[in-house]
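> Starting off with a structure, shown below.
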Amino acid sequence: MNIELQCCALFIIISISVMFLREKKLDLMNRRLFFRAICACFVCLIFDILSIILINLTVHHGFDPFITRLVCRIYIMLLVLQGYFGYVYASTSLLPRDQTWAKWVRIISHSIFGTGEFLMLVLPIGYEAYGRVVYSYGPSTYVAYILSAIYILSTIVTVIAYRKDMPGRRIVAMLLWQGIWLLAAAIQFVKPDLLLVGFASSFGMVILYIQLENPSEFFDGSTGLFTTNALSAYVRDKYKFGKRFSMFTAKIHYLTNYVDYAMEQAAVMRTSRALIALGPEPAFRIDDDTFCVVYDDRERMFERAANIKKQKDGVTDLPAKGTYLLIPDSLELNGPDEFFHFLHTYLESEQEITVADEGLIRKLRDQNRIKELINDALNEDRVEVFYQPFYNVKEDRFNVAEALVRIRRENGDIVPPGEFIPVAEENGQIIPLGIRVFEKVCRFLSGGEAQKLGLEQIEINVSAAQFDFENPASFIFDNIEKYQVDPRSINIEITETAAAKNHEIMIRNMNRLIDRGVTFSLDDFGTGRSNIDYFVNMPVKIIKFDNSFTKGFFDNEKTKHVLTGMMDILHKMDMSIVAEGIETKEQVDAMEDLGVEFIQGFYFSRPVPEKDFLAFLRSRNQLSSS
Ligand code: C2E
Ligand code: MG
Ligand code: MG
């Protein structure tokens with residue numbers, strides 16, 4: 001009998017099912033749909049074989065035709081079911097969940113399926129067998145042809161329409177699977193003794209299994225945990241189908257260099273075993289030393305996280321600490337992108353326990369908003385530089401100014417740097433932002449107008465991050481050269497934090513610039529992080545007393561003594577002093593009496609745009625020189 005191919009197909013399907021069922025599973029919608037498709041394929045093959053046997057028995061040996069017709073009907077109904085499951089498998093993760101049109105697509109495809117199955121059950125069906133040729137015919141069979149064609153085409157169209165949302169491998173596997181079906185149906189149509197359709201569908205399952213449903217990148221070989229790729233698929237699946245979940249991550253921070261590879265491996269294995277022992281929920285290794293477990297229930301998550309922390313606290317033979325990130329409610333974050341963004345932002349936190357509560361999520365969103373603000377401002381040239389003049393006490397004129405960055409919103413409002421510099425420093429945007437500021441200042445200086453009005457130097461703020469790599473000086477040199485600016489007209493303000501972060505690289509870069517004529521000043525002096533070491537050993541010529549420090553001079557006797565004493569020390573070291581934050585005539589007089597070289601403050605001018613700054617110089621410098 002012509003059932004050899006079907007028997008082979010059955011063997012293949014059973015093999016895949018065994019492998020699939022034995023494997024460690026991650027509960028993904030696609031996997032469930034795939035398993036449904038395997039089951040449909042299996043039952044369909046059984047009925048395929050059964051129908052061939054019964055047709056032969058009926059035609060050649062007078063078996064009851066009613067039962068044969070029924071089995072033929074069930075076979076073609078199952079064949080269509082298989083096509084339908086194939087379409088559902090392909091489209092469920094692609095079609096949007098919440099859009100009305102997608103809901104209608106689902107309703108229509110269900111209805112077509114239901115109607116088709118009903119028609120196949122009631123419409124007439126016939127069968128024929130001669131030699132190795134066995135087939136069924138009649139209206140019921142034609143409905144099966146039409147529906148199968150509809151589902152194959154719908155699957156192909158859906159895959160092509162959503163090709164941008166899928167990895168290439170998935171597209172190829174899907175198209176290959178449907179293509180094989182089509183090809184087998186065509187061959188069977190031309191050569192009816194080659195019953196290829198059943199074999200083709202099981203072969204299609206093999207392709208899907210190997211390519212899509214058995215992804216080795218989901219398993220971490222050394223620990224037996226799931227991987228980051230698996231977490232990504234899992235979390236996206238949960239969000240897509242609106243399932244709430246909770247999660248905790250645990251990260252091992254080694255406290256000394258004394259920890260070697262073997263100790264690290266032992267710690268990783270110990271953690272993995274502890275996580276697996278916690279319960280049936282899937283545990284992931286998302287980085288060399290970072291793990292997470294996903295729960296459906298937040299209370300359980302808290303309890304299990306506490307359990308793991310207790311176990312870690314009990315480990316005394318390893319110089320390491322654990323940090324934990326808890327996400328009690330996934331739906332507080334508005335999708336997988338925000339979820340992973342959150343993870344990315346706070347995973348490295350040194351804090352022992354970080355909880356994704358409302359406040360932290362709001363902070364994340366604020367930072368994101370600011371990130372976009374900076375990006376848009378950079379792209380649309382809305383980064384502006386304002387200038388604030390310093391009063392030179394000895395020369396009684398304004399020959400130095402500080403460049404202070406501003407962002408202008410689309411509606412014309414100004415955003416002060418306090419709102420975006422800290423975020424830019426954290427996320428690295430300070431680099432392009434700093435380059436833009438530097439370029440604008442150089443362009444301004446290259447105009448030469450300010451110099452004609454008595455300006456000799458502009459001070460530019462540079463953050464720690466801008467000096468934290470080997471050759472940051474190049475953007476400074478590039479602009480100096482591009483705009484033909486005299487390097488001596490540039491002074492860079494650094495802070496102690498900048499100086500402390502990577503002292504050696506910092507000093508190297510400073511000296512490189514100093515050789516070309518650029519000078520440096522130390523900003524924010526007196527803000528509580530002052531360390532005598534820094535200004536003693538740093539090649540700076542100017543110290544800037546921070547607003548708070550000078551304010552303290554007027555409000556607090558002790559600060560007054562410290563500031564007066566510092567003045568003395570700094571002058572003995574041949575340094576000049578800028579007093580920041582001077583707002584009244586009395587303060588100006590007090591600073592002059594104290595002997596500072598420069599006074600910066602709202603009393604003289606707030607930071608203002610280029611044009612206003614030039615107007616200021618024009619009126620004040622000419623006035624004082626006349
Ligand atoms: P900073 O370098 O210490 O700048 C002095 C700050 O004091 C400026 O604030 C200035 O407007 C303010 N100020 C000046 N005189 C007075 C006064 O009399 N009273 C009061 N209340 N404030 C006064 P601004 O412009 O908001 O800048 C804040 C900080 O942002 C700067 O502090 C600096 O650390 C940072 N910053 C500004 N521009 C840049 C930049 O281009 N790059 C980097 N990396 N940081 C920048
Ligand atoms: Mg400054
Ligand atoms: Mg300052």
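Following the order of the structure tokens, chains are lettered A, B, ..., residues in each are numbered from 1, and ligands are numbered from 1.
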If you run DSSP on this backbone, which residues of segment 311-548 of chain A come out as strand (DSSP E or B), and could you give them as a PyMOL selection string?
chain A and resi 320-327+353-355+383-392+397-408+414-415+457-461+490-494+519-525+542-545
> For the residues in the current selection, export C-alpha atoms as a PDB file, in the first residue's frame.

ATOM      1  CA  ALA A 320      32.205  39.450  46.893  1.00  0.00           C
ATOM      2  CA  LYS A 321      28.954  41.252  47.499  1.00  0.00           C
ATOM      3  CA  GLY A 322      25.592  40.792  45.853  1.00  0.00           C
ATOM      4  CA  THR A 323      23.445  43.560  44.414  1.00  0.00           C
ATOM      5  CA  TYR A 324      19.777  42.994  43.704  1.00  0.00           C
ATOM      6  CA  LEU A 325      17.385  44.664  41.343  1.00  0.00           C
ATOM      7  CA  LEU A 326      13.707  43.975  41.984  1.00  0.00           C
ATOM      8  CA  ILE A 327      10.956  44.619  39.464  1.00  0.00           C
ATOM      9  CA  ILE A 353      18.943  46.619  46.626  1.00  0.00           C
ATOM     10  CA  THR A 354      17.253  48.647  43.914  1.00  0.00           C
ATOM     11  CA  VAL A 355      13.475  48.449  43.535  1.00  0.00           C
ATOM     12  CA  VAL A 383      22.422  74.123  21.782  1.00  0.00           C
ATOM     13  CA  GLU A 384      23.413  77.679  22.681  1.00  0.00           C
ATOM     14  CA  VAL A 385      26.283  79.163  24.588  1.00  0.00           C
ATOM     15  CA  PHE A 386      25.690  82.064  26.967  1.00  0.00           C
ATOM     16  CA  TYR A 387      28.497  84.179  28.339  1.00  0.00           C
ATOM     17  CA  GLN A 388      28.952  85.608  31.794  1.00  0.00           C
ATOM     18  CA  PRO A 389      31.685  88.222  32.191  1.00  0.00           C
ATOM     19  CA  PHE A 390      34.138  88.289  35.114  1.00  0.00           C
ATOM     20  CA  TYR A 391      35.067  91.620  36.596  1.00  0.00           C
ATOM     21  CA  ASN A 392      38.851  92.003  36.719  1.00  0.00           C
ATOM     22  CA  ARG A 397      37.325  95.888  33.352  1.00  0.00           C
ATOM     23  CA  PHE A 398      35.774  92.715  32.012  1.00  0.00           C
ATOM     24  CA  ASN A 399      38.423  90.757  30.155  1.00  0.00           C
ATOM     25  CA  VAL A 400      37.355  87.183  30.955  1.00  0.00           C
ATOM     26  CA  ALA A 401      34.014  85.399  30.600  1.00  0.00           C
ATOM     27  CA  GLU A 402      32.644  81.956  31.288  1.00  0.00           C
ATOM     28  CA  ALA A 403      30.856  80.062  28.526  1.00  0.00           C
ATOM     29  CA  LEU A 404      27.743  78.337  29.894  1.00  0.00           C
ATOM     30  CA  VAL A 405      25.694  75.974  27.821  1.00  0.00           C
ATOM     31  CA  ARG A 406      21.934  76.310  27.370  1.00  0.00           C
ATOM     32  CA  ILE A 407      19.356  74.360  25.403  1.00  0.00           C
ATOM     33  CA  ARG A 408      16.653  76.319  23.674  1.00  0.00           C
ATOM     34  CA  ILE A 414      15.695  78.138  27.831  1.00  0.00           C
ATOM     35  CA  VAL A 415      16.713  74.983  29.687  1.00  0.00           C
ATOM     36  CA  GLN A 457      39.942  84.780  27.582  1.00  0.00           C
ATOM     37  CA  ILE A 458      36.901  82.537  27.651  1.00  0.00           C
ATOM     38  CA  GLU A 459      36.535  79.832  30.258  1.00  0.00           C
ATOM     39  CA  ILE A 460      34.880  76.619  29.123  1.00  0.00           C
ATOM     40  CA  ASN A 461      33.536  73.945  31.488  1.00  0.00           C
ATOM     41  CA  ILE A 490      40.988  79.520  26.050  1.00  0.00           C
ATOM     42  CA  ASN A 491      40.815  78.490  29.677  1.00  0.00           C
ATOM     43  CA  ILE A 492      39.308  75.212  30.690  1.00  0.00           C
ATOM     44  CA  GLU A 493      37.405  74.856  33.947  1.00  0.00           C
ATOM     45  CA  ILE A 494      37.642  71.463  35.494  1.00  0.00           C
ATOM     46  CA  THR A 519      45.226  77.367  30.675  1.00  0.00           C
ATOM     47  CA  PHE A 520      43.170  75.659  33.368  1.00  0.00           C
ATOM     48  CA  SER A 521      41.175  76.643  36.385  1.00  0.00           C
ATOM     49  CA  LEU A 522      39.685  74.620  39.181  1.00  0.00           C
ATOM     50  CA  ASP A 523      35.923  75.076  39.376  1.00  0.00           C
ATOM     51  CA  ASP A 524      33.519  74.582  42.285  1.00  0.00           C
ATOM     52  CA  PHE A 525      36.216  75.083  44.883  1.00  0.00           C
ATOM     53  CA  ILE A 542      43.019  79.957  38.720  1.00  0.00           C
ATOM     54  CA  ILE A 543      40.808  78.728  41.542  1.00  0.00           C
ATOM     55  CA  LYS A 544      37.089  79.459  41.383  1.00  0.00           C
ATOM     56  CA  PHE A 545      35.339  79.848  44.721  1.00  0.00           C
TER      57      PHE A 545
END
> Counting only C-alpha atoms and all ligand atoms, name the residues that have an atom within 6 Å of an atom of ligand 1; the answer should be given as a PyMOL selection string.
chain A and resi 404-405+416-418+434+437+461-463+524+580-583+600-602+607
> Any idea what's packed within 12 Å of segment 3-12 of chain A, counting only C-alpha atoms, ignoring anything in its chain fewer than 5 positions away? Could you give it as a compact mmCIF listing (two decimals) with all heavy atoms, in the first residue's frame?

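This is the output file out17.txt:
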# COMPACT_ATOMS: atom_id res chain seq x y z
N SER A 17 8.69 15.26 18.53
CA SER A 17 7.89 15.44 19.75
C SER A 17 8.67 15.00 20.97
O SER A 17 8.66 15.67 22.01
CB SER A 17 6.60 14.62 19.67
OG SER A 17 5.93 14.93 18.50
N VAL A 18 9.36 13.87 20.86
CA VAL A 18 10.12 13.38 22.01
C VAL A 18 11.20 14.40 22.40
O VAL A 18 11.33 14.79 23.57
CB VAL A 18 10.75 12.01 21.69
CG1 VAL A 18 11.74 11.60 22.78
CG2 VAL A 18 9.66 10.97 21.53
N MET A 19 11.94 14.88 21.39
CA MET A 19 13.00 15.85 21.70
C MET A 19 12.41 17.12 22.30
O MET A 19 12.92 17.66 23.28
CB MET A 19 13.77 16.19 20.42
CG MET A 19 14.66 15.06 19.95
SD MET A 19 15.77 15.58 18.65
CE MET A 19 14.70 15.63 17.24
N ILE A 38 2.45 20.50 15.91
CA ILE A 38 3.01 19.14 15.87
C ILE A 38 1.90 18.11 16.11
O ILE A 38 1.79 17.10 15.40
CB ILE A 38 4.10 18.95 16.95
CG1 ILE A 38 5.35 19.73 16.62
CG2 ILE A 38 4.47 17.47 17.08
CD1 ILE A 38 6.51 19.45 17.56
N CYS A 39 1.07 18.39 17.13
CA CYS A 39 -0.01 17.44 17.46
C CYS A 39 -0.95 17.28 16.25
O CYS A 39 -1.33 16.15 15.89
CB CYS A 39 -0.80 17.91 18.67
SG CYS A 39 0.19 17.88 20.15
N ALA A 40 -1.30 18.42 15.64
CA ALA A 40 -2.21 18.37 14.49
C ALA A 40 -1.57 17.55 13.37
O ALA A 40 -2.23 16.72 12.72
CB ALA A 40 -2.50 19.79 14.00
N CYS A 41 -0.28 17.74 13.17
CA CYS A 41 0.44 17.03 12.11
C CYS A 41 0.42 15.52 12.39
O CYS A 41 0.19 14.70 11.49
CB CYS A 41 1.87 17.56 12.05
SG CYS A 41 2.82 16.90 10.70
N PHE A 42 0.62 15.19 13.66
CA PHE A 42 0.65 13.79 14.06
C PHE A 42 -0.71 13.11 13.80
O PHE A 42 -0.79 12.07 13.12
CB PHE A 42 1.03 13.71 15.56
CG PHE A 42 0.98 12.33 16.12
CD1 PHE A 42 2.00 11.42 15.84
CD2 PHE A 42 -0.08 11.91 16.93
CE1 PHE A 42 1.96 10.14 16.36
CE2 PHE A 42 -0.13 10.64 17.44
CZ PHE A 42 0.90 9.74 17.16
N VAL A 43 -1.77 13.72 14.31
CA VAL A 43 -3.10 13.12 14.15
C VAL A 43 -3.46 13.06 12.67
O VAL A 43 -4.04 12.07 12.18
CB VAL A 43 -4.16 13.94 14.93
CG1 VAL A 43 -5.52 13.28 14.84
CG2 VAL A 43 -3.74 14.09 16.37
N CYS A 44 -3.10 14.09 11.95
CA CYS A 44 -3.41 14.15 10.52
C CYS A 44 -2.73 12.98 9.77
O CYS A 44 -3.34 12.33 8.91
CB CYS A 44 -2.92 15.49 9.98
SG CYS A 44 -3.44 15.79 8.31
N LEU A 45 -1.48 12.70 10.15
CA LEU A 45 -0.76 11.59 9.50
C LEU A 45 -1.44 10.25 9.79
O LEU A 45 -1.57 9.39 8.92
CB LEU A 45 0.69 11.54 10.00
CG LEU A 45 1.64 12.52 9.31
CD1 LEU A 45 2.98 12.57 10.05
CD2 LEU A 45 1.87 12.11 7.85
N ILE A 46 -1.89 10.10 11.04
CA ILE A 46 -2.58 8.86 11.41
C ILE A 46 -3.81 8.66 10.51
O ILE A 46 -4.04 7.59 9.94
CB ILE A 46 -3.04 8.92 12.89
CG1 ILE A 46 -1.83 9.09 13.81
CG2 ILE A 46 -3.92 7.72 13.26
CD1 ILE A 46 -1.15 7.81 14.21
N PHE A 47 -4.58 9.77 10.37
CA PHE A 47 -5.79 9.65 9.55
C PHE A 47 -5.47 9.53 8.06
O PHE A 47 -6.21 8.93 7.30
CB PHE A 47 -6.74 10.83 9.83
CG PHE A 47 -7.63 10.56 11.01
CD1 PHE A 47 -7.19 10.80 12.30
CD2 PHE A 47 -8.88 9.99 10.82
CE1 PHE A 47 -7.99 10.50 13.39
CE2 PHE A 47 -9.69 9.69 11.91
CZ PHE A 47 -9.24 9.95 13.21
N ASP A 48 -4.35 10.09 7.64
CA ASP A 48 -3.89 9.96 6.26
C ASP A 48 -3.68 8.46 5.96
O ASP A 48 -4.23 7.90 5.00
CB ASP A 48 -2.57 10.73 6.11
CG ASP A 48 -2.16 10.89 4.65
OD1 ASP A 48 -2.90 10.40 3.77
OD2 ASP A 48 -1.10 11.50 4.40
N ILE A 49 -2.91 7.81 6.86
CA ILE A 49 -2.61 6.39 6.67
C ILE A 49 -3.89 5.56 6.75
O ILE A 49 -4.17 4.71 5.88
CB ILE A 49 -1.60 5.92 7.75
CG1 ILE A 49 -0.25 6.62 7.55
CG2 ILE A 49 -1.42 4.40 7.71
CD1 ILE A 49 0.73 6.45 8.69
N LEU A 50 -4.71 5.90 7.74
CA LEU A 50 -5.96 5.17 7.94
C LEU A 50 -6.86 5.29 6.71
O LEU A 50 -7.45 4.30 6.23
CB LEU A 50 -6.67 5.76 9.17
CG LEU A 50 -7.62 4.84 9.91
CD1 LEU A 50 -6.86 3.62 10.43
CD2 LEU A 50 -8.26 5.59 11.09
N SER A 51 -6.94 6.49 6.15
CA SER A 51 -7.84 6.70 5.00
C SER A 51 -7.34 5.89 3.79
O SER A 51 -8.14 5.29 3.06
CB SER A 51 -7.97 8.18 4.66
OG SER A 51 -6.73 8.67 4.22
N ILE A 52 -6.02 5.83 3.59
CA ILE A 52 -5.48 5.06 2.46
C ILE A 52 -5.81 3.58 2.63
O ILE A 52 -6.27 2.90 1.70
CB ILE A 52 -3.95 5.27 2.34
CG1 ILE A 52 -3.66 6.72 1.97
CG2 ILE A 52 -3.35 4.34 1.28
CD1 ILE A 52 -2.20 7.11 2.09
N ILE A 53 -5.62 3.10 3.87
CA ILE A 53 -5.91 1.68 4.13
C ILE A 53 -7.39 1.39 3.87
O ILE A 53 -7.76 0.44 3.16
CB ILE A 53 -5.54 1.30 5.59
CG1 ILE A 53 -4.02 1.42 5.78
CG2 ILE A 53 -6.00 -0.11 5.93
CD1 ILE A 53 -3.55 1.28 7.22
N LEU A 54 -8.26 2.28 4.40
CA LEU A 54 -9.70 2.02 4.28
C LEU A 54 -10.19 2.15 2.84
O LEU A 54 -11.03 1.37 2.38
CB LEU A 54 -10.48 2.97 5.20
CG LEU A 54 -10.31 2.70 6.71
CD1 LEU A 54 -11.24 3.58 7.53
CD2 LEU A 54 -10.57 1.23 7.04
N ASN A 56 -8.49 1.48 0.16
CA ASN A 56 -8.08 0.23 -0.49
C ASN A 56 -8.99 -0.93 -0.09
O ASN A 56 -9.42 -1.73 -0.93
CB ASN A 56 -6.63 -0.10 -0.14
CG ASN A 56 -5.67 0.58 -1.11
OD1 ASN A 56 -5.82 0.41 -2.33
ND2 ASN A 56 -4.75 1.36 -0.60
N ARG A 132 -1.14 2.19 -7.30
CA ARG A 132 -0.66 2.92 -6.12
C ARG A 132 -1.36 4.27 -5.96
O ARG A 132 -1.04 5.04 -5.06
CB ARG A 132 0.86 3.13 -6.23
CG ARG A 132 1.65 1.86 -5.90
CD ARG A 132 3.14 2.12 -6.00
NE ARG A 132 3.63 3.09 -5.01
CZ ARG A 132 3.88 2.80 -3.74
NH1 ARG A 132 3.68 1.58 -3.29
NH2 ARG A 132 4.33 3.72 -2.92
N VAL A 133 -2.29 4.51 -6.88
CA VAL A 133 -2.98 5.80 -6.81
C VAL A 133 -4.19 5.69 -5.89
O VAL A 133 -5.04 4.82 -6.08
CB VAL A 133 -3.43 6.25 -8.23
CG1 VAL A 133 -4.22 7.55 -8.15
CG2 VAL A 133 -2.23 6.37 -9.14
N VAL A 134 -4.21 6.59 -4.88
CA VAL A 134 -5.35 6.64 -3.94
C VAL A 134 -5.71 8.11 -3.75
O VAL A 134 -4.82 8.91 -3.49
CB VAL A 134 -4.96 6.06 -2.56
CG1 VAL A 134 -6.17 6.04 -1.64
CG2 VAL A 134 -4.36 4.69 -2.69
N ASP A 193 0.19 9.24 -7.58
CA ASP A 193 0.69 8.09 -6.82
C ASP A 193 1.80 8.49 -5.84
O ASP A 193 2.24 7.69 -5.03
CB ASP A 193 1.20 7.00 -7.77
CG ASP A 193 2.29 7.51 -8.67
OD1 ASP A 193 2.25 8.73 -9.01
OD2 ASP A 193 3.19 6.75 -9.04
N LEU A 194 2.24 9.75 -5.91
CA LEU A 194 3.25 10.23 -4.95
C LEU A 194 2.55 11.02 -3.85
O LEU A 194 2.27 12.20 -4.00
CB LEU A 194 4.25 11.14 -5.68
CG LEU A 194 5.58 10.55 -6.11
CD1 LEU A 194 6.42 11.61 -6.81
CD2 LEU A 194 6.34 9.98 -4.92
N LEU A 195 2.24 10.35 -2.74
CA LEU A 195 1.47 11.03 -1.68
C LEU A 195 2.42 11.80 -0.76
O LEU A 195 2.81 11.33 0.30
CB LEU A 195 0.66 10.00 -0.90
CG LEU A 195 -0.32 9.21 -1.77
CD1 LEU A 195 -1.13 8.23 -0.91
CD2 LEU A 195 -1.28 10.13 -2.51
N LEU A 196 2.76 13.01 -1.23
CA LEU A 196 3.85 13.75 -0.58
C LEU A 196 3.43 14.70 0.53
O LEU A 196 4.25 15.11 1.34
CB LEU A 196 4.58 14.57 -1.66
CG LEU A 196 5.72 13.88 -2.40
CD1 LEU A 196 6.26 14.82 -3.48
CD2 LEU A 196 6.83 13.53 -1.42
N VAL A 197 2.11 15.06 0.55
CA VAL A 197 1.71 16.17 1.43
C VAL A 197 2.01 15.89 2.91
O VAL A 197 2.55 16.74 3.62
CB VAL A 197 0.22 16.51 1.20
CG1 VAL A 197 -0.31 17.42 2.29
CG2 VAL A 197 0.06 17.18 -0.15
N GLY A 198 1.70 14.68 3.35
CA GLY A 198 1.94 14.34 4.76
C GLY A 198 3.41 14.42 5.09
O GLY A 198 3.81 14.99 6.13
N PHE A 199 4.24 13.89 4.19
CA PHE A 199 5.68 13.92 4.42
C PHE A 199 6.18 15.37 4.46
O PHE A 199 6.99 15.74 5.32
CB PHE A 199 6.39 13.13 3.31
CG PHE A 199 7.85 12.97 3.58
CD1 PHE A 199 8.30 12.04 4.50
CD2 PHE A 199 8.77 13.76 2.92
CE1 PHE A 199 9.64 11.89 4.77
CE2 PHE A 199 10.13 13.63 3.19
CZ PHE A 199 10.57 12.69 4.11
N ALA A 200 5.65 16.17 3.52
CA ALA A 200 6.09 17.57 3.45
C ALA A 200 5.77 18.30 4.75
O ALA A 200 6.58 19.09 5.25
CB ALA A 200 5.43 18.27 2.28
N SER A 201 4.58 18.02 5.34
CA SER A 201 4.24 18.77 6.55
C SER A 201 5.15 18.37 7.70
O SER A 201 5.57 19.22 8.49
CB SER A 201 2.77 18.61 6.90
OG SER A 201 2.49 17.27 7.11
N SER A 202 5.52 17.10 7.78
CA SER A 202 6.41 16.72 8.87
C SER A 202 7.82 17.28 8.62
O SER A 202 8.51 17.69 9.55
CB SER A 202 6.47 15.20 9.04
OG SER A 202 7.14 14.62 7.96
N PHE A 203 8.21 17.32 7.36
CA PHE A 203 9.51 17.90 7.03
C PHE A 203 9.53 19.39 7.41
O PHE A 203 10.52 19.91 7.94
CB PHE A 203 9.77 17.73 5.53
CG PHE A 203 11.18 18.02 5.15
CD1 PHE A 203 12.21 17.17 5.55
CD2 PHE A 203 11.49 19.13 4.38
CE1 PHE A 203 13.52 17.44 5.21
CE2 PHE A 203 12.80 19.41 4.04
CZ PHE A 203 13.81 18.56 4.45
N GLY A 204 8.41 20.06 7.16
CA GLY A 204 8.27 21.47 7.55
C GLY A 204 8.46 21.64 9.05
O GLY A 204 9.13 22.57 9.51
N MET A 205 7.90 20.71 9.83
CA MET A 205 8.04 20.77 11.29
C MET A 205 9.51 20.64 11.70
O MET A 205 9.96 21.28 12.65
CB MET A 205 7.24 19.64 11.95
CG MET A 205 5.76 19.81 11.87
SD MET A 205 5.24 21.19 12.88
CE MET A 205 4.04 21.91 11.82
N VAL A 206 10.24 19.80 10.96
CA VAL A 206 11.67 19.65 11.26
C VAL A 206 12.38 20.98 11.08
O VAL A 206 13.18 21.42 11.92
CB VAL A 206 12.31 18.57 10.35
CG1 VAL A 206 13.81 18.51 10.58
CG2 VAL A 206 11.68 17.22 10.61
N ILE A 207 12.06 21.63 9.96
CA ILE A 207 12.70 22.93 9.69
C ILE A 207 12.39 23.91 10.83
O ILE A 207 13.27 24.58 11.37
CB ILE A 207 12.23 23.50 8.34
CG1 ILE A 207 12.74 22.62 7.22
CG2 ILE A 207 12.70 24.94 8.16
CD1 ILE A 207 12.26 23.02 5.86
N TYR A 209 11.46 23.29 13.85
CA TYR A 209 12.06 22.87 15.12
C TYR A 209 13.54 23.24 15.18
O TYR A 209 14.01 23.86 16.14
CB TYR A 209 11.88 21.36 15.31
CG TYR A 209 12.52 20.86 16.59
CD1 TYR A 209 11.99 21.20 17.82
CD2 TYR A 209 13.66 20.06 16.54
CE1 TYR A 209 12.58 20.76 18.99
CE2 TYR A 209 14.25 19.62 17.72
CZ TYR A 209 13.71 19.98 18.94
OH TYR A 209 14.30 19.56 20.11
> Just want the 12 Å neighbourhood of Phe339 of chain A, counted on only C-alpha atoms, with same-chain residues fewer than 3 positions away dropped. Output as a ChimeraX atom specification.
/A:231-232,235-236,238-239,245-247,326-336,342-347,356,361,364-365
> DSSP on the backbone, then: every residue of segment 253-378 of chain A marked helix (DSSP H, G or I), written as a CSV table (one decimal) with C-alpha atoms, in the first residue's frame.

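Resulting contents of states.csv:
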chain,number,residue,atom,x,y,z
A,261,TYR,CA,38.8,32.4,37.3
A,262,ALA,CA,38.2,29.2,39.2
A,263,MET,CA,36.7,31.1,42.1
A,264,GLU,CA,34.5,33.0,39.8
A,265,GLN,CA,33.3,29.8,38.1
A,266,ALA,CA,32.6,28.3,41.5
A,267,ALA,CA,30.6,31.3,42.5
A,268,VAL,CA,28.6,31.2,39.3
A,269,MET,CA,27.9,27.5,39.7
A,270,ARG,CA,26.9,27.9,43.3
A,271,THR,CA,24.5,30.8,42.4
A,272,SER,CA,23.1,28.8,39.4
A,273,ARG,CA,22.3,25.8,41.6
A,274,ALA,CA,20.7,28.0,44.3
A,275,LEU,CA,18.5,29.6,41.6
A,276,ILE,CA,17.5,26.3,40.1
A,277,ALA,CA,16.7,25.0,43.5
A,278,LEU,CA,14.4,27.9,44.2
A,298,ARG,CA,5.2,39.4,43.2
A,299,GLU,CA,5.0,38.1,46.8
A,300,ARG,CA,6.8,34.9,45.7
A,301,MET,CA,9.4,37.0,43.9
A,302,PHE,CA,10.1,39.0,47.1
A,303,GLU,CA,10.3,35.9,49.2
A,304,ARG,CA,12.6,34.1,46.8
A,305,ALA,CA,14.9,37.2,46.4
A,306,ALA,CA,15.2,37.4,50.1
A,307,ASN,CA,16.1,33.7,50.2
A,308,ILE,CA,18.8,34.1,47.6
A,309,LYS,CA,20.2,37.2,49.5
A,310,LYS,CA,20.2,35.2,52.7
A,311,GLN,CA,22.2,32.4,51.0
A,312,LYS,CA,24.6,35.0,49.5
A,313,ASP,CA,25.0,36.6,52.9
A,330,SER,CA,6.2,44.5,34.9
A,331,LEU,CA,3.2,46.4,33.9
A,332,GLU,CA,4.5,49.5,35.7
A,336,PRO,CA,9.7,45.4,26.7
A,337,ASP,CA,11.8,48.4,25.4
A,338,GLU,CA,11.3,50.3,28.7
A,339,PHE,CA,11.8,47.1,30.6
A,340,PHE,CA,15.2,46.4,29.1
A,341,HIS,CA,16.1,50.1,29.2
A,342,PHE,CA,15.4,50.0,33.0
A,343,LEU,CA,17.5,46.8,33.3
A,344,HIS,CA,20.3,48.3,31.4
A,345,THR,CA,20.3,51.5,33.4
A,346,TYR,CA,20.1,50.0,36.9
A,358,GLU,CA,7.1,54.5,40.9
A,359,GLY,CA,9.8,57.0,41.8
A,360,LEU,CA,12.7,55.2,40.1
A,361,ILE,CA,10.6,54.6,37.0
A,362,ARG,CA,9.7,58.2,36.9
A,363,LYS,CA,13.4,59.1,37.2
A,364,LEU,CA,14.2,56.8,34.3
A,365,ARG,CA,11.5,58.4,32.1
A,366,ASP,CA,12.7,61.9,33.1
A,367,GLN,CA,16.2,60.9,32.1
A,368,ASN,CA,14.9,59.5,28.8
A,369,ARG,CA,13.1,62.7,28.1
A,370,ILE,CA,16.2,64.7,28.8
A,371,LYS,CA,18.2,62.4,26.6
A,372,GLU,CA,15.8,63.1,23.8
A,373,LEU,CA,15.9,66.8,24.6
A,374,ILE,CA,19.7,66.8,24.2
A,375,ASN,CA,19.6,64.7,21.1
A,376,ASP,CA,17.0,66.9,19.4
A,377,ALA,CA,18.9,70.0,20.5
A,378,LEU,CA,22.1,68.7,19.0
> Counting only C-alpha atoms, what is within 9 Å of segment 164-174 of chain A, bar same-chain residues fewer than 6 positions away, as a list in words?
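In the requested format, the answer is Ala90, Leu94, Thr155, Ile156, Gly204, Ile207, Leu208, Gln211 and Leu212 of chain A.
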> Which one is closest to Val294 of chain A: A:Glu348, A:Asp317, A:Glu213, A:Asp27? Count only C-alpha atoms.
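Selected residue with least distance to Val294 of chain A: A:Asp27.
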> Provide the atom CA of Lys585 of chain A to atom CA of Phe613 of chain A distance in Å, to one decimal place.
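Atom CA of Phe613 of chain A lies at a distance of 20.7 Å from atom CA of Lys585 of chain A.
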